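Student: Take a look at my_file-v2.txt, compact mmCIF, C-alpha atoms:
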```txt
# COMPACT_ATOMS: atom_id res chain seq x y z
CA MET A 1 28.69 -60.38 -106.31
CA HIS A 2 28.07 -62.83 -109.14
CA TRP A 3 24.34 -62.43 -109.66
CA PHE A 4 24.04 -65.24 -112.21
CA ARG A 5 25.72 -67.66 -109.81
CA PHE A 6 23.39 -66.38 -107.09
CA ALA A 7 20.32 -67.10 -109.27
CA VAL A 8 21.54 -70.64 -110.00
CA LEU A 9 22.31 -71.28 -106.32
CA VAL A 10 18.86 -70.04 -105.24
CA CYS A 11 17.20 -72.32 -107.84
CA ILE A 12 19.21 -75.36 -106.67
CA VAL A 13 18.52 -74.73 -102.98
CA THR A 14 14.81 -74.05 -103.61
CA VAL A 15 14.38 -77.28 -105.59
CA LEU A 16 16.26 -79.22 -102.89
CA GLN A 17 14.06 -77.75 -100.18
CA ALA A 18 10.81 -78.38 -102.08
CA GLY A 19 11.68 -81.79 -103.48
CA PHE A 20 14.25 -83.67 -101.47
CA LEU A 21 13.54 -82.28 -98.01
CA ALA A 22 9.77 -81.82 -98.35
CA ASN A 23 8.83 -85.23 -96.90
CA LEU A 24 11.09 -85.15 -93.86
CA ASP A 25 9.47 -84.53 -90.50
CA ILE A 26 12.35 -82.47 -89.14
CA LYS A 27 14.25 -80.56 -91.80
CA PRO A 28 16.65 -77.62 -91.99
CA ASP A 29 15.56 -74.42 -93.72
CA LEU A 30 18.24 -74.21 -96.41
CA LEU A 31 17.01 -70.87 -97.76
CA LEU A 32 17.37 -69.34 -94.34
CA THR A 33 20.93 -70.60 -93.97
CA LEU A 34 21.61 -68.98 -97.32
CA LEU A 35 20.07 -65.73 -96.04
CA VAL A 36 22.44 -65.70 -93.04
CA PHE A 37 25.38 -66.54 -95.30
CA PHE A 38 24.77 -63.52 -97.57
CA ALA A 39 24.01 -61.24 -94.62
CA VAL A 40 27.34 -62.19 -93.06
CA TYR A 41 29.59 -62.22 -96.12
CA CYS A 42 28.14 -59.55 -98.44
CA ASN A 43 27.84 -55.79 -98.22
CA THR A 44 24.63 -54.28 -96.86
CA THR A 45 22.98 -53.47 -100.21
CA GLU A 46 23.62 -56.96 -101.58
CA ALA A 47 22.36 -58.49 -98.33
CA ILE A 48 19.06 -56.55 -98.60
CA ILE A 49 18.50 -57.67 -102.19
CA THR A 50 19.40 -61.31 -101.52
CA SER A 51 17.17 -61.43 -98.41
CA PHE A 52 14.08 -60.40 -100.34
CA VAL A 53 14.87 -62.69 -103.26
CA LEU A 54 15.36 -65.65 -100.90
CA GLY A 55 12.11 -64.76 -99.13
CA PHE A 56 10.31 -64.75 -102.46
CA ALA A 57 11.79 -68.18 -103.26
CA ALA A 58 10.63 -69.46 -99.86
CA ASP A 59 7.12 -68.15 -100.58
CA ILE A 60 7.02 -69.89 -103.95
CA ILE A 61 7.58 -73.28 -102.30
CA GLY A 62 5.50 -72.37 -99.27
CA TYR A 63 1.81 -72.16 -98.54
CA ALA A 64 1.00 -68.50 -99.22
CA MET A 65 2.76 -65.69 -101.06
CA GLY A 66 4.06 -62.69 -99.11
CA PRO A 67 4.78 -63.67 -95.49
CA GLN A 68 8.26 -65.09 -96.07
CA THR A 69 9.27 -62.30 -98.48
CA ILE A 70 8.55 -59.77 -95.74
CA SER A 71 10.02 -61.74 -92.83
CA PHE A 72 13.20 -62.75 -94.71
CA GLY A 73 13.62 -59.18 -95.97
CA LEU A 74 13.19 -57.65 -92.53
CA LEU A 75 15.48 -60.08 -90.74
CA GLY A 76 18.09 -60.18 -93.52
CA THR A 77 18.32 -56.39 -93.52
CA ALA A 78 18.51 -56.25 -89.72
CA LEU A 79 21.23 -58.90 -89.75
CA ALA A 80 23.21 -57.05 -92.42
CA TYR A 81 23.15 -53.85 -90.33
CA LEU A 82 23.99 -55.81 -87.19
CA HIS A 83 26.94 -57.35 -88.98
CA ARG A 84 28.39 -53.85 -89.46
CA VAL A 85 28.68 -53.65 -85.66
CA ILE A 86 29.32 -57.26 -84.65
CA ALA A 87 31.37 -59.64 -86.80
CA ILE A 88 29.68 -63.03 -86.99
CA ARG A 89 32.64 -65.16 -88.07
CA LYS A 90 32.87 -67.95 -85.52
CA MET A 91 30.97 -71.11 -86.38
CA SER A 92 29.24 -71.15 -83.00
CA TYR A 93 28.09 -67.53 -83.47
CA GLN A 94 26.85 -68.37 -86.95
CA ALA A 95 24.89 -71.35 -85.57
CA LEU A 96 23.34 -69.14 -82.90
CA THR A 97 22.50 -66.47 -85.51
CA ILE A 98 20.82 -69.07 -87.73
CA PHE A 99 18.82 -70.43 -84.80
CA LEU A 100 17.57 -67.01 -83.72
CA THR A 101 16.89 -65.80 -87.27
CA CYS A 102 14.97 -68.98 -88.11
CA PHE A 103 12.89 -68.74 -84.94
CA LEU A 104 12.11 -65.05 -85.38
CA ALA A 105 11.36 -65.47 -89.09
CA GLY A 106 8.95 -68.29 -88.23
CA ILE A 107 7.11 -66.11 -85.71
CA VAL A 108 6.82 -63.21 -88.20
CA VAL A 109 5.61 -65.63 -90.91
CA HIS A 110 2.93 -67.05 -88.64
CA PHE A 111 1.79 -63.59 -87.62
CA LEU A 112 1.56 -62.48 -91.28
CA THR A 113 -0.18 -65.72 -92.27
CA PHE A 114 -2.70 -65.09 -89.50
CA LEU A 115 -3.09 -61.52 -90.77
CA LYS A 116 -3.87 -62.93 -94.20
CA GLY A 117 -6.71 -64.92 -92.64
CA ARG A 118 -5.08 -68.32 -92.93
CA PRO A 119 -5.12 -70.78 -90.04
CA THR A 120 -1.85 -71.57 -88.31
CA CYS A 121 -0.85 -74.81 -86.63
CA SER A 122 -1.38 -75.37 -82.92
CA ASP A 123 2.11 -76.72 -82.13
CA MET A 124 3.84 -73.94 -84.07
CA TYR A 125 6.57 -73.33 -81.46
CA ALA A 126 7.60 -77.00 -81.35
CA VAL A 127 7.88 -77.15 -85.17
CA LEU A 128 9.78 -73.85 -85.19
CA PHE A 129 12.17 -74.99 -82.48
CA TRP A 130 13.13 -78.21 -84.26
CA THR A 131 13.48 -76.52 -87.64
CA SER A 132 15.65 -73.79 -86.10
CA LEU A 133 17.80 -76.30 -84.25
CA CYS A 134 18.26 -78.45 -87.35
CA SER A 135 19.15 -75.37 -89.43
CA ALA A 136 21.60 -74.15 -86.78
CA ILE A 137 23.40 -77.51 -86.72
CA VAL A 138 23.57 -77.94 -90.51
CA GLY A 139 23.88 -74.29 -91.57
CA PRO A 140 27.48 -73.37 -90.64
CA PHE A 141 28.79 -76.47 -92.46
CA LEU A 142 26.98 -75.36 -95.63
CA PHE A 143 28.74 -72.00 -95.70
CA SER A 144 31.88 -73.47 -97.30
CA PRO A 145 30.02 -75.05 -100.27
CA TYR A 146 27.99 -71.84 -100.67
CA ALA A 147 31.21 -69.79 -100.71
CA TRP A 148 32.79 -72.15 -103.23
CA LEU A 149 29.76 -71.93 -105.53
CA MET A 150 29.67 -68.14 -105.23
CA ARG A 151 33.46 -67.83 -105.67
CA MET A 152 33.64 -65.95 -102.38
CA LYS A 153 36.33 -66.11 -99.73
CA ILE A 154 35.19 -66.66 -96.19
CA ASN A 155 37.55 -65.90 -93.36
CA ARG A 156 36.34 -67.99 -90.54
CA PHE A 157 37.94 -68.70 -87.22
CA CYS A 158 36.57 -71.49 -85.09
CA MET B 159 43.46 -29.50 -130.01
CA ASN B 160 40.54 -28.67 -132.27
CA THR B 161 40.30 -25.98 -134.95
CA ASP B 162 39.42 -23.30 -132.30
CA GLY B 163 42.51 -24.15 -130.37
CA ASN B 164 40.62 -25.75 -127.41
CA ASP B 165 41.61 -28.97 -125.78
CA VAL B 166 39.40 -31.94 -126.69
CA LEU B 167 39.13 -34.85 -124.36
CA PRO B 168 39.93 -38.19 -125.88
CA ASP B 169 36.97 -40.49 -126.64
CA THR B 170 37.86 -42.92 -123.89
CA THR B 171 37.67 -40.24 -121.17
CA TYR B 172 34.35 -39.05 -122.57
CA THR B 173 32.76 -42.50 -122.39
CA THR B 174 34.17 -43.21 -118.92
CA ARG B 175 32.73 -39.95 -117.65
CA HIS B 176 29.36 -40.89 -119.15
CA ARG B 177 29.48 -44.28 -117.53
CA ILE B 178 30.23 -42.78 -114.12
CA MET B 179 27.36 -40.33 -114.55
CA ALA B 180 24.98 -43.09 -115.59
CA ARG B 181 26.02 -45.18 -112.59
CA LYS B 182 25.42 -42.20 -110.31
CA ARG B 183 22.01 -41.65 -111.87
CA ILE B 184 20.74 -45.21 -111.18
CA LYS B 185 22.15 -45.45 -107.69
CA VAL B 186 19.37 -46.13 -105.21
CA SER B 187 19.82 -45.62 -101.50
CA ARG B 188 19.54 -48.64 -99.20
CA ARG B 189 16.50 -47.18 -97.49
CA MET B 190 14.69 -46.74 -100.79
CA LEU B 191 15.64 -50.26 -101.85
CA PHE B 192 14.35 -51.69 -98.59
CA ALA B 193 11.15 -49.63 -98.81
CA TRP B 194 10.43 -50.81 -102.36
CA PHE B 195 11.02 -54.45 -101.49
CA ILE B 196 8.85 -54.26 -98.36
CA LEU B 197 6.10 -52.62 -100.39
CA GLY B 198 6.39 -55.44 -102.93
CA GLY B 199 6.14 -57.97 -100.10
CA PHE B 200 2.97 -56.40 -98.74
CA ILE B 201 1.44 -56.21 -102.22
CA LEU B 202 2.13 -59.97 -102.56
CA LEU B 203 0.67 -60.59 -99.11
CA PHE B 204 -2.63 -58.88 -99.82
CA THR B 205 -3.02 -59.97 -103.44
CA PRO B 206 -5.67 -62.70 -103.75
CA GLN B 207 -4.31 -66.23 -103.56
CA SER B 208 -5.80 -67.05 -106.97
CA VAL B 209 -3.42 -64.51 -108.55
CA THR B 210 -0.28 -65.29 -106.55
CA ASN B 211 -0.79 -69.03 -107.09
CA LYS B 212 0.44 -68.47 -110.63
CA PHE B 213 4.01 -68.07 -109.29
CA GLN B 214 3.75 -71.39 -107.46
CA PHE B 215 2.26 -73.16 -110.49
CA ALA B 216 4.97 -71.72 -112.74
CA PHE B 217 7.72 -72.94 -110.39
CA ALA B 218 6.16 -76.41 -110.08
CA ASN B 219 5.78 -76.56 -113.86
CA ILE B 220 9.34 -75.41 -114.72
CA PHE B 221 11.07 -77.61 -112.14
CA ARG B 222 8.70 -80.60 -112.29
CA TRP B 223 11.43 -83.10 -113.22
CA PRO B 224 13.97 -82.27 -110.50
CA LEU B 225 11.14 -81.90 -107.98
CA SER B 226 9.64 -85.31 -108.72
CA ILE B 227 13.11 -86.92 -108.74
CA GLY B 228 13.90 -85.29 -105.39
CA ARG B 229 10.57 -86.46 -103.96
CA GLY B 230 11.20 -90.00 -105.24
CA ILE B 231 14.64 -90.12 -103.62
CA SER B 232 13.23 -88.65 -100.41
CA LEU B 233 10.45 -91.26 -100.32
CA SER B 234 12.85 -94.14 -100.88
CA VAL B 235 15.21 -92.81 -98.19
CA SER B 236 12.50 -92.24 -95.59
CA MET B 237 10.53 -95.38 -96.49
CA ARG B 238 8.46 -96.42 -93.52
CA PRO B 239 8.01 -100.08 -92.51
CA ALA B 240 5.25 -101.90 -94.39
CA THR B 241 3.40 -102.77 -91.19
CA GLY B 242 2.37 -100.76 -88.17
CA GLY B 243 0.12 -97.76 -87.73
CA LEU B 244 -3.62 -97.46 -87.84
CA THR B 245 -4.16 -96.64 -91.48
CA ASN B 246 -1.75 -99.19 -92.86
CA PRO B 247 -1.63 -102.23 -90.60
CA LEU B 248 -1.25 -104.73 -93.43
CA GLY B 249 0.69 -102.92 -96.12
CA THR B 250 -0.28 -100.70 -99.05
CA ARG B 251 -1.78 -103.40 -101.29
CA GLU B 252 -3.99 -104.86 -98.57
CA ASN B 253 -4.95 -101.34 -97.53
CA GLN B 254 -6.13 -100.64 -101.09
CA TYR B 255 -8.27 -103.80 -101.07
CA GLN B 256 -9.75 -102.94 -97.69
CA ASN B 257 -10.66 -99.45 -98.88
CA HIS B 258 -12.15 -100.92 -102.06
CA ILE B 259 -14.27 -103.39 -100.08
CA ALA B 260 -15.47 -100.61 -97.76
CA ASN B 261 -16.40 -98.47 -100.79
CA LEU B 262 -18.29 -101.35 -102.45
CA GLN B 263 -20.21 -102.10 -99.27
CA GLU B 264 -21.20 -98.44 -98.94
CA GLN B 265 -22.19 -98.28 -102.62
CA LEU B 266 -24.27 -101.45 -102.21
CA ARG B 267 -26.02 -99.90 -99.22
CA GLN B 268 -26.75 -96.80 -101.30
CA GLU B 269 -28.09 -98.87 -104.20
CA HIS B 270 -30.37 -100.75 -101.81
CA ARG B 271 -31.70 -97.48 -100.48
CA LYS B 272 -32.27 -96.19 -103.98
CA LEU B 273 -34.03 -99.38 -104.95
CA GLU B 274 -36.36 -99.09 -102.01
CA GLU B 275 -37.07 -95.42 -102.70
CA LEU B 276 -37.46 -95.48 -106.44
CA SER B 277 -38.71 -99.07 -106.87
CA GLY B 278 -38.72 -99.52 -110.59
CA LEU B 279 -37.57 -96.15 -111.83
CA ARG B 280 -34.47 -96.31 -114.04
CA SER B 281 -31.23 -95.40 -112.42
CA ARG B 282 -27.57 -95.87 -113.18
CA PHE B 283 -24.74 -97.38 -111.18
CA ALA B 284 -22.37 -95.22 -109.18
CA PHE B 285 -19.37 -93.89 -111.12
CA GLU B 286 -20.87 -95.23 -114.39
CA GLY B 287 -20.33 -91.93 -116.19
CA ALA B 288 -17.23 -90.87 -114.28
CA ALA B 289 -13.70 -90.60 -115.57
CA PHE B 290 -10.62 -91.01 -113.43
CA VAL B 291 -7.81 -88.69 -114.52
CA LEU B 292 -4.49 -90.10 -113.33
CA ALA B 293 -1.90 -87.55 -112.24
CA ASP B 294 1.63 -87.60 -110.86
CA ILE B 295 2.51 -85.65 -107.75
CA SER B 296 4.97 -82.87 -108.57
CA ARG B 297 5.59 -81.74 -105.03
CA THR B 298 4.08 -81.64 -101.58
CA VAL B 299 3.67 -78.68 -99.24
CA THR B 300 3.45 -79.71 -95.59
CA ASP B 301 4.22 -77.47 -92.66
CA GLY B 302 2.35 -78.58 -89.58
CA SER B 303 -1.11 -77.18 -90.26
CA HIS B 304 -0.96 -77.13 -94.05
CA ALA B 305 -0.99 -80.11 -96.37
CA GLU B 306 -1.19 -79.68 -100.13
CA LEU B 307 -0.09 -81.49 -103.27
CA PHE B 308 0.76 -80.18 -106.72
CA ILE B 309 -0.29 -82.52 -109.52
CA ASN B 310 0.66 -82.43 -113.19
CA ARG B 311 -2.89 -82.22 -114.60
CA GLY B 312 -4.98 -79.09 -115.01
CA GLU B 313 -7.88 -77.44 -116.79
CA ASN B 314 -6.67 -78.81 -120.14
CA ASP B 315 -7.29 -82.33 -118.82
CA GLY B 316 -10.87 -81.59 -117.75
CA LEU B 317 -10.12 -80.83 -114.11
CA ALA B 318 -12.03 -78.18 -112.15
CA LYS B 319 -12.05 -76.68 -108.68
CA GLY B 320 -13.80 -78.75 -106.02
CA GLN B 321 -13.34 -82.15 -107.68
CA PHE B 322 -12.44 -85.04 -105.39
CA VAL B 323 -9.00 -86.62 -105.52
CA MET B 324 -8.40 -90.23 -104.57
CA ALA B 325 -5.43 -92.48 -103.86
CA ASP B 326 -5.42 -96.15 -102.82
CA ASN B 327 -9.22 -96.22 -103.38
CA SER B 328 -9.85 -93.50 -100.79
CA ILE B 329 -10.58 -89.78 -100.97
CA ILE B 330 -7.53 -87.77 -99.94
CA GLY B 331 -8.64 -84.22 -100.77
CA THR B 332 -10.17 -81.81 -103.24
CA ILE B 333 -8.80 -79.53 -105.94
CA SER B 334 -8.37 -76.07 -104.43
CA ASP B 335 -6.63 -74.16 -107.24
CA ILE B 336 -6.07 -74.85 -110.87
CA SER B 337 -4.02 -73.68 -113.85
CA PRO B 338 -4.17 -74.98 -117.44
CA ARG B 339 -1.50 -77.62 -116.80
CA MET B 340 -1.30 -78.02 -113.02
CA ALA B 341 -3.57 -78.22 -110.03
CA LYS B 342 -3.27 -77.85 -106.29
CA VAL B 343 -4.91 -80.48 -104.09
CA ARG B 344 -5.96 -79.50 -100.59
CA LEU B 345 -5.65 -82.63 -98.48
CA ILE B 346 -8.32 -83.61 -95.95
CA THR B 347 -5.80 -82.93 -93.15
CA ASP B 348 -5.15 -79.32 -94.23
CA SER B 349 -6.46 -76.81 -91.69
CA ASP B 350 -8.48 -75.10 -94.45
CA SER B 351 -10.21 -78.35 -95.45
CA LYS B 352 -13.87 -78.97 -94.57
CA ILE B 353 -15.57 -82.04 -96.02
CA GLU B 354 -19.00 -83.45 -95.23
CA VAL B 355 -18.64 -87.03 -94.06
CA LYS B 356 -20.70 -89.92 -92.80
CA ILE B 357 -19.71 -91.59 -89.56
CA ALA B 358 -21.76 -93.97 -87.41
CA GLY B 359 -24.79 -93.31 -89.62
CA ALA B 360 -24.70 -89.52 -89.16
CA ASN B 361 -23.56 -86.77 -91.51
CA ARG B 362 -21.04 -84.38 -89.98
CA LEU B 363 -18.31 -81.94 -91.02
CA MET B 364 -14.72 -83.19 -90.98
CA GLU B 365 -12.20 -80.39 -90.43
CA GLY B 366 -8.49 -80.78 -91.06
CA ILE B 367 -6.19 -79.84 -88.18
CA GLY B 368 -2.79 -80.56 -89.73
CA ASN B 369 -0.24 -83.14 -88.60
CA ASN B 370 -1.90 -85.83 -90.76
CA SER B 371 -5.22 -85.73 -88.89
CA ALA B 372 -8.69 -84.21 -88.91
CA LYS B 373 -11.47 -83.68 -86.34
CA ILE B 374 -15.14 -84.57 -86.28
CA ARG B 375 -17.31 -83.03 -83.58
CA GLN B 376 -20.99 -82.73 -82.63
CA LEU B 377 -21.61 -86.45 -82.29
CA LEU B 378 -23.51 -87.49 -79.19
CA ARG B 379 -21.83 -90.19 -77.14
CA LYS B 380 -25.11 -91.89 -76.19
CA LYS B 381 -26.60 -91.88 -79.66
CA HIS B 382 -23.60 -92.57 -81.88
CA LYS B 383 -21.45 -95.57 -81.15
CA VAL B 384 -18.00 -94.80 -82.48
CA LYS B 385 -14.87 -96.86 -81.93
CA ILE B 386 -11.25 -96.67 -83.05
CA GLY B 387 -10.76 -98.01 -86.56
CA ASP B 388 -14.29 -97.12 -87.78
CA ASN B 389 -14.52 -96.01 -91.39
CA VAL B 390 -15.40 -92.41 -92.29
CA PHE B 391 -17.00 -91.85 -95.70
CA ALA B 392 -17.07 -88.70 -97.83
CA ILE B 393 -20.75 -88.35 -98.66
CA LYS B 394 -21.98 -88.08 -102.23
CA LYS B 395 -22.13 -84.64 -103.81
CA PRO B 396 -24.11 -84.11 -107.01
CA GLY B 397 -21.75 -83.51 -109.92
CA LEU B 398 -18.66 -84.31 -107.89
CA LEU B 399 -19.12 -87.67 -106.17
CA ASP B 400 -21.73 -90.25 -107.14
CA ALA B 401 -21.45 -92.52 -104.13
CA PRO B 402 -19.91 -92.34 -100.66
CA MET B 403 -16.20 -93.18 -100.58
CA ILE B 404 -13.94 -93.99 -97.69
CA THR B 405 -11.77 -91.06 -96.69
CA ALA B 406 -10.50 -91.66 -93.15
CA LYS B 407 -10.45 -93.97 -90.16
CA VAL B 408 -11.07 -93.11 -86.53
CA ALA B 409 -7.74 -92.83 -84.71
CA ARG B 410 -8.87 -91.39 -81.38
CA CYS B 411 -12.24 -91.16 -79.74
CA GLU B 412 -12.52 -89.12 -76.53
CA ARG B 413 -15.00 -87.11 -74.55
CA ASP B 414 -15.25 -83.54 -75.85
CA ASP B 415 -13.99 -81.10 -73.21
CA GLU B 416 -16.21 -78.31 -74.53
CA ASN B 417 -19.31 -80.50 -74.73
CA PRO B 418 -19.16 -83.41 -72.24
CA LEU B 419 -22.10 -85.15 -73.92
CA GLY B 420 -20.35 -85.28 -77.27
CA TRP B 421 -17.42 -87.05 -78.87
CA ASP B 422 -14.10 -85.46 -79.80
CA ILE B 423 -13.05 -87.67 -82.69
CA THR B 424 -9.66 -87.53 -84.36
CA VAL B 425 -9.36 -89.29 -87.71
CA GLU B 426 -6.44 -90.16 -89.96
CA PRO B 427 -6.51 -90.60 -93.76
CA ALA B 428 -7.46 -94.08 -94.98
CA CYS B 429 -4.19 -94.31 -96.92
CA GLU B 430 -0.64 -93.22 -96.21
CA ILE B 431 -0.61 -89.90 -98.04
CA GLU B 432 3.12 -89.35 -97.53
CA THR B 433 4.07 -92.38 -99.58
CA ILE B 434 1.68 -92.09 -102.53
CA LYS B 435 3.24 -91.34 -105.89
CA ASP B 436 0.18 -90.75 -108.07
CA VAL B 437 -3.46 -89.84 -107.59
CA ALA B 438 -6.72 -90.04 -109.55
CA VAL B 439 -9.09 -87.11 -109.93
CA ILE B 440 -12.77 -88.02 -110.16
CA VAL B 441 -14.33 -86.17 -113.10
CA MET B 442 -18.08 -86.80 -113.19
CA ASN B 443 -19.74 -86.66 -116.61
CA PRO B 444 -16.59 -85.70 -118.54
CA GLN B 445 -16.92 -83.84 -121.84
CA LYS B 446 -15.88 -86.13 -124.68
```
Produce structure tokens that represent the structure in this file.
Tutor:
Amino acid sequence: MHWFRFAVLVCIVTVLQAGFLANLDIKPDLLLTLLVFFAVYCNTTEAIITSFVLGFAADIIGYAMGPQTISFGLLGTALAYLHRVIAIRKMSYQALTIFLTCFLAGIVVHFLTFLKGRPTCSDMYAVLFWTSLCSAIVGPFLFSPYAWLMRMKINRFC
Amino acid sequence: MNTDGNDVLPDTTYTTRHRIMARKRIKVSRRMLFAWFILGGFILLFTPQSVTNKFQFAFANIFRWPLSIGRGISLSVSMRPATGGLTNPLGTRENQYQNHIANLQEQLRQEHRKLEELSGLRSRFAFEGAAFVLADISRTVTDGSHAELFINRGENDGLAKGQFVMADNSIIGTISDISPRMAKVRLITDSDSKIEVKIAGANRLMEGIGNNSAKIRQLLRKKHKVKIGDNVFAIKKPGLLDAPMITAKVARCERDDENPLGWDITVEPACEIETIKDVAVIVMNPQK
């Protein structure tokens, strides 16, 4: 794992998410697609570290600190352990994984935000659904650029 | 061989062995790693927002150029049509003039009231001693219920918590958090926002509900005549706002399900917040 490259990639994706995509009504969660990418293509220890770092990055551009660090960390770790049993190499499986991870992460974030005493939006499930769907469509196509930037080889069969 | 006749390992083997031992010493199990990170997450979660905000301010400060460029590109790509919608039926420029006229009319009304009350005592005009600190928007945070802006002015520029922020001659929010060089603006549509407003001659609380709208309740349908398009004014607050200023317009006006005698009013900001590029912070009685 090239940790310097990882740091640069996280910075680029975070700035893109906070700047370029911030004003769109329906937008993919790029940091979450990155989380699934590392959970699928890295070893378990690296996946745990990257999940928490990506969660922290998501918190920095989010509304409150903490909820996304925890939810990304939990789901990234779970996904890394799951990947030891089930190989998630097909694009369709990856899309499904992104969709489910995004949806579950959103629910955990809202629960933790509520726990923190912050109000949550009324149409949370609709927002979550569209974000998850958008991420699932865009995500698998981003894996190749991610792999190129990280100098990683991805063996994918469609 | 050394002088005692014992074998001595070459230097390279010695250092390699040390390296292996050192690596073994710092190896942390996955469970421990996970536990430490989760603990860190929970510490972040329960640390007061005023402390954790420093991370967000630092990020916005370090990446302010790429963030503002990205926002600019995003705005130009998703540029909405100049006409249409309740808040902007004529275009941005005309909307600014309309807001300005509404503000002047409300100020005039206030001056008349003052004149009647004080009759002869010396007073000063609204916003006479106020300064407007112009600021660029670094980035926006919107996720359904939350709506915040980061601006590139802070305590060093005379800003303080609670000050009103305006754009296109209308109040769009208040400063919720501040650092020496940056500030966070909580928009009127944020679900944490509560601003006292004047609507149909009555003072009520306007609460943000997200999705670019806010609610006003506890207005009686018989007593208060409210219609779509009516102006909503942020009422004056000593030390923060000298005169009422337009903040929103009525977008929906229905019977309240919880209280059939009352109104359930949904309002939208008086300007298109998504497309604004800079804002002005109202600093009353600035220190020179």
Student: (10.1, -64.2, -88.2) in this file's frame - what residues fall within 9 Å of it? Use only C-alpha atoms and give the answer as a PyMOL selection string.
Tutor: chain A and resi 68+70-72+74-75+101-111
Student: Between CA of Gly19 in chain A and CA of Thr300 in chain B, what is the distance in Å, rounded to a tenth?
Tutor: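 Taking CA of Gly19 in chain A as the start and CA of Thr300 in chain B as the end point, the length is 11.6 Å.
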Student: Give me, as a short mmCIF file (atom, residue, chain, number, x, y, z; two decimals) with C-alpha atoms, keeping the file's coordinate frame, the contact residues of chain A against chain B at a cut-off of 9 Å, counting all atoms listed in the file.
Tutor:
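Result written to part-v5.cif:
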```
data_model
loop_
_atom_site.label_atom_id
_atom_site.label_comp_id
_atom_site.auth_asym_id
_atom_site.auth_seq_id
_atom_site.Cartn_x
_atom_site.Cartn_y
_atom_site.Cartn_z
CA VAL A 15 14.38 -77.28 -105.59
CA LEU A 16 16.26 -79.22 -102.89
CA ALA A 18 10.81 -78.38 -102.08
CA GLY A 19 11.68 -81.79 -103.48
CA PHE A 20 14.25 -83.67 -101.47
CA LEU A 21 13.54 -82.28 -98.01
CA ALA A 22 9.77 -81.82 -98.35
CA ASN A 23 8.83 -85.23 -96.90
CA LEU A 24 11.09 -85.15 -93.86
CA THR A 44 24.63 -54.28 -96.86
CA THR A 45 22.98 -53.47 -100.21
CA ILE A 48 19.06 -56.55 -98.60
CA ILE A 49 18.50 -57.67 -102.19
CA PHE A 52 14.08 -60.40 -100.34
CA PHE A 56 10.31 -64.75 -102.46
CA ASP A 59 7.12 -68.15 -100.58
CA ILE A 60 7.02 -69.89 -103.95
CA ILE A 61 7.58 -73.28 -102.30
CA GLY A 62 5.50 -72.37 -99.27
CA TYR A 63 1.81 -72.16 -98.54
CA ALA A 64 1.00 -68.50 -99.22
CA MET A 65 2.76 -65.69 -101.06
CA GLY A 66 4.06 -62.69 -99.11
CA PRO A 67 4.78 -63.67 -95.49
CA GLN A 68 8.26 -65.09 -96.07
CA THR A 69 9.27 -62.30 -98.48
CA ILE A 70 8.55 -59.77 -95.74
CA GLY A 73 13.62 -59.18 -95.97
CA LEU A 74 13.19 -57.65 -92.53
CA THR A 77 18.32 -56.39 -93.52
CA LEU A 112 1.56 -62.48 -91.28
CA THR A 113 -0.18 -65.72 -92.27
CA LYS A 116 -3.87 -62.93 -94.20
CA ARG A 118 -5.08 -68.32 -92.93
CA PRO A 119 -5.12 -70.78 -90.04
CA THR A 120 -1.85 -71.57 -88.31
CA CYS A 121 -0.85 -74.81 -86.63
CA SER A 122 -1.38 -75.37 -82.92
CA ASP A 123 2.11 -76.72 -82.13
CA MET A 124 3.84 -73.94 -84.07
CA VAL A 127 7.88 -77.15 -85.17
#
```
Student: Applying 12 Å and only C-alpha atoms, which residues near Asp415 in chain B remain after dropping the ones on its own chain fewer than 5 positions away? List them as a list of chain:residue names.
Tutor: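 Selected residues are B:Arg375, B:Gln376, B:Gly420, B:Trp421, B:Asp422, B:Ile423.
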Student: For the residues in that selection, give me C-alpha atoms as a PDB file, keeping the file's coordinate frame.
Tutor:
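part31.pdb was written with the following content:
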```
ATOM      1  CA  ARG B 375     -17.310 -83.030 -83.580  1.00  0.00           C
ATOM      2  CA  GLN B 376     -20.990 -82.730 -82.630  1.00  0.00           C
ATOM      3  CA  GLY B 420     -20.350 -85.280 -77.270  1.00  0.00           C
ATOM      4  CA  TRP B 421     -17.420 -87.050 -78.870  1.00  0.00           C
ATOM      5  CA  ASP B 422     -14.100 -85.460 -79.800  1.00  0.00           C
ATOM      6  CA  ILE B 423     -13.050 -87.670 -82.690  1.00  0.00           C
TER       7      ILE B 423
END
```
Student: Could you check the closest approach to Gln265 in chain B for each of B:Leu398, B:Ile393, B:Ala406, B:Val437 and tell me which residue wins, using only C-alpha atoms?
Tutor: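 Closest candidate: B:Ile393.
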Student: Would you list the contacts of range 407-413 of chain B as a list in words, taking every protein, DNA or RNA residue within 8 Å and counting all atoms listed in the file, but skipping same-chain residues closer than 6 positions in sequence?
Tutor: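 In the requested format, the answer is Leu244, Thr245, Arg379, Val384, Lys385, Ile386, Gly387, Asp388, Asn389, Val390, Leu419, Gly420, Trp421, Asp422, Ile423, Thr424, Val425, Glu426, Pro427 and Ala428 of chain B.
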Student: Expressed in Å to a single decimal, how great is the separation between CA of Ile353 in chain B and CA of Ala341 in chain B?
Tutor: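 Between CA of Ile353 in chain B and CA of Ala341 in chain B the gap is 18.8 Å.
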Student: At what distance in Å, to one decimal, does CA of Ser144 in chain A lie from CA of Cys11 in chain A?
Tutor: 18.1 Å
Student: Please identify all polymer residues within 9 Å of Val355 in chain B, counting all atoms listed in the file, omitting same-chain residues fewer than 5 positions from it, and present them as a count of residues only.
Tutor: 13
Student: Which one is closest to Trp130 in chain A: A:His83, A:Lys27, A:His2, A:Arg89? Count all atoms listed in the file.
Tutor: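 Of the candidates, the smallest distance to Trp130 in chain A is held by A:Lys27.
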